[in-house]
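Chemist: Mind looking over this structure? Questions follow.
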Amino acid sequence: MLYKPALRKVLILTGILVSCSCFGQKPQTPLVDKAFAFTDSVLKAGVFAFKRQELIISHEQAAISKRYSAAIAKNREWWKAYAKHYIDLKQPMPYHENFGITKKEYERYLQLSENPPPSRLKSLGIQKITITKKAGAISFHGMGALAVLDSLTIHIHKKIITLGKDTIPVSDEINAPVETPFGQWHGYSWHFIQSNFNSKGASEALKQRDIILCIGKSIPGKQLILTLSSKRTENGVIEKLFDIIGFIQ
């Protein structure tokens, strides 16, 4: 991983540390080949039911995060200078009363970020999704909250995935253990990052936009899993742009 150990806690708090990040790295060819071969094999053309889900994190983690984020939003200019100082020094960010939480809660927040408790899925109902396979490409059509999928195209022959004007590179092969919200599953992830952060440190207030796509199958049962999410991080405040999680059946 590109991030240096001393930066890890700072980057967790600014919302840019994710499990399948491939920051600035070019995916290896075997991984790319396997990811697109897998995707082509599991996605079939037709109209399907999409069992949409919501990821529920622990009440403790959600409560601390909400107060912490609100405090940062109220002290944006201070936060920009404070976070930049410790990123430039390549040091973990110490507690400050402006965080809006106690020192004990801050330490707990870091602990939960490093080792998050088990989360669970909550059903949001069933919607229709249409998958089309034509001329070496896979496209989608959805209504309502799934309308963002209309901009997603998987170019099997070219081995690229686009969401609107953004190209999302392959990130990782996933072999998830049974403890995950989906249970045990296998698949692949793609991760797009647009950021002003670099290996030499941030030269200005951190700004970043992420898009993460995961496609997989549960084990056993072989339910088809699709997740597509995007968030924007600026001055330590995370804005969720969209978050689609569910099963295609």
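Residue numbering restarts at 1 for every chain of the structure tokens, chains are lettered A, B, ... in their displayed order, and ligands are numbered from 1 as they appear.
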Report as a ChimeraX atom specification all protein, DNA and RNA residues lying within 10 Å of A:Trp185, evaluated on only C-alpha atoms, omitting residues in the same chain fewer than 2 positions from it.
Modeler: /A:174-178,180,182-183,187,215-225
Chemist: For stretch 137-140 of chain A, find every residue with an atom within 8 Å (counting only C-alpha atoms), except residues of its own chain fewer than 5 positions away, and show them as a list in words.
Modeler: Ile129, Thr130, Ile131, Thr132, Leu149, Asp150, Ser151, Leu152, Thr153, Ile154, His155, Ile156 and His157 of chain A
Chemist: For the selection just defined, write its residues with all heavy atoms to a file, as a compact mmCIF listing (two decimals), in the first residue's frame.
Modeler:
```
# COMPACT_ATOMS: atom_id res chain seq x y z
N ILE A 129 -33.80 -4.64 -12.47
CA ILE A 129 -32.58 -4.21 -13.12
C ILE A 129 -32.47 -4.95 -14.46
O ILE A 129 -32.75 -6.15 -14.53
CB ILE A 129 -31.34 -4.47 -12.24
CG1 ILE A 129 -30.07 -3.97 -12.91
CG2 ILE A 129 -31.22 -5.93 -11.88
CD1 ILE A 129 -28.84 -4.11 -12.03
N THR A 130 -32.11 -4.24 -15.51
CA THR A 130 -31.94 -4.84 -16.83
C THR A 130 -30.47 -4.86 -17.20
O THR A 130 -29.78 -3.84 -17.08
CB THR A 130 -32.71 -4.05 -17.90
OG1 THR A 130 -34.09 -4.02 -17.55
CG2 THR A 130 -32.56 -4.70 -19.28
N ILE A 131 -29.99 -6.02 -17.61
CA ILE A 131 -28.60 -6.18 -18.04
C ILE A 131 -28.59 -6.52 -19.52
O ILE A 131 -29.29 -7.43 -19.97
CB ILE A 131 -27.89 -7.30 -17.25
CG1 ILE A 131 -27.90 -6.96 -15.75
CG2 ILE A 131 -26.46 -7.48 -17.75
CD1 ILE A 131 -27.28 -8.05 -14.88
N THR A 132 -27.79 -5.78 -20.29
CA THR A 132 -27.68 -5.99 -21.73
C THR A 132 -26.24 -6.34 -22.09
O THR A 132 -25.31 -5.68 -21.61
CB THR A 132 -28.10 -4.72 -22.51
OG1 THR A 132 -29.44 -4.37 -22.14
CG2 THR A 132 -28.04 -4.96 -24.02
N LEU A 149 -26.82 3.22 -12.35
CA LEU A 149 -26.28 2.08 -13.08
C LEU A 149 -26.35 2.28 -14.59
O LEU A 149 -25.63 1.62 -15.35
CB LEU A 149 -27.01 0.80 -12.69
CG LEU A 149 -26.81 0.31 -11.25
CD1 LEU A 149 -27.70 -0.90 -10.99
CD2 LEU A 149 -25.35 -0.04 -11.00
N ASP A 150 -27.22 3.19 -15.04
CA ASP A 150 -27.32 3.46 -16.48
C ASP A 150 -26.02 4.01 -17.04
O ASP A 150 -25.76 3.90 -18.25
CB ASP A 150 -28.45 4.46 -16.76
CG ASP A 150 -29.84 3.87 -16.52
OD1 ASP A 150 -29.92 2.82 -15.84
OD2 ASP A 150 -30.82 4.44 -17.00
N SER A 151 -25.20 4.62 -16.18
CA SER A 151 -23.92 5.20 -16.63
C SER A 151 -22.76 4.20 -16.53
O SER A 151 -21.64 4.53 -16.91
CB SER A 151 -23.59 6.43 -15.77
OG SER A 151 -24.59 7.42 -15.88
N LEU A 152 -23.05 2.99 -16.04
CA LEU A 152 -22.01 1.98 -15.85
C LEU A 152 -21.92 1.06 -17.07
O LEU A 152 -22.92 0.48 -17.49
CB LEU A 152 -22.32 1.15 -14.60
CG LEU A 152 -21.33 0.02 -14.26
CD1 LEU A 152 -19.98 0.61 -13.84
CD2 LEU A 152 -21.90 -0.86 -13.14
N THR A 153 -20.74 0.95 -17.64
CA THR A 153 -20.51 0.05 -18.78
C THR A 153 -19.26 -0.78 -18.53
O THR A 153 -18.20 -0.24 -18.20
CB THR A 153 -20.35 0.82 -20.10
OG1 THR A 153 -21.50 1.66 -20.31
CG2 THR A 153 -20.22 -0.15 -21.27
N ILE A 154 -19.40 -2.09 -18.69
CA ILE A 154 -18.27 -3.01 -18.55
C ILE A 154 -17.84 -3.44 -19.94
O ILE A 154 -18.57 -4.15 -20.64
CB ILE A 154 -18.66 -4.23 -17.70
CG1 ILE A 154 -19.14 -3.78 -16.31
CG2 ILE A 154 -17.48 -5.20 -17.58
CD1 ILE A 154 -19.70 -4.89 -15.46
N HIS A 155 -16.68 -2.97 -20.37
CA HIS A 155 -16.17 -3.28 -21.70
C HIS A 155 -15.31 -4.55 -21.60
O HIS A 155 -14.12 -4.47 -21.30
CB HIS A 155 -15.34 -2.11 -22.24
CG HIS A 155 -16.09 -0.80 -22.25
ND1 HIS A 155 -16.82 -0.36 -23.32
CD2 HIS A 155 -16.22 0.17 -21.29
CE1 HIS A 155 -17.36 0.82 -23.05
NE2 HIS A 155 -17.01 1.16 -21.82
N ILE A 156 -15.94 -5.69 -21.85
CA ILE A 156 -15.27 -6.97 -21.66
C ILE A 156 -14.06 -7.11 -22.59
O ILE A 156 -12.97 -7.51 -22.17
CB ILE A 156 -16.24 -8.14 -21.89
CG1 ILE A 156 -17.37 -8.10 -20.84
CG2 ILE A 156 -15.50 -9.48 -21.83
CD1 ILE A 156 -16.90 -8.30 -19.42
N HIS A 157 -14.22 -6.78 -23.86
CA HIS A 157 -13.13 -6.95 -24.82
C HIS A 157 -11.99 -5.96 -24.56
O HIS A 157 -10.81 -6.32 -24.67
CB HIS A 157 -13.65 -6.79 -26.25
CG HIS A 157 -14.57 -7.91 -26.66
ND1 HIS A 157 -15.28 -7.89 -27.83
CD2 HIS A 157 -14.88 -9.08 -26.04
CE1 HIS A 157 -16.00 -9.01 -27.92
NE2 HIS A 157 -15.77 -9.73 -26.85
```
Chemist: Identify which of the residues A:Lys133, A:His85, A:Lys74, A:Lys66 lies closest to A:Ser41, counting only C-alpha atoms when measuring atom-to-atom distances.
Modeler: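 The closest residue to A:Ser41 is A:Lys133.
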Chemist: What is the distance, in Å and to one decimal place, between atom CA of A:Ser195 and atom CA of A:Thr233?
Modeler: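 Atom CA of A:Ser195 sits 9.2 Å away from atom CA of A:Thr233.
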Chemist: List every residue of stretch 2-186 of chain A that DSSP, applied to the backbone of this structure, assigns to helix (DSSP H, G or I), and report them as a PyMOL selection string.
Modeler: chain A and resi 5-13+29-42+59-74+76-88+97-99+103-114+144-151
Chemist: How many Å separate atom CA of A:Thr227 from atom CA of A:Ile72?
Modeler: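 Between these atoms lies a distance of 28.5 Å.
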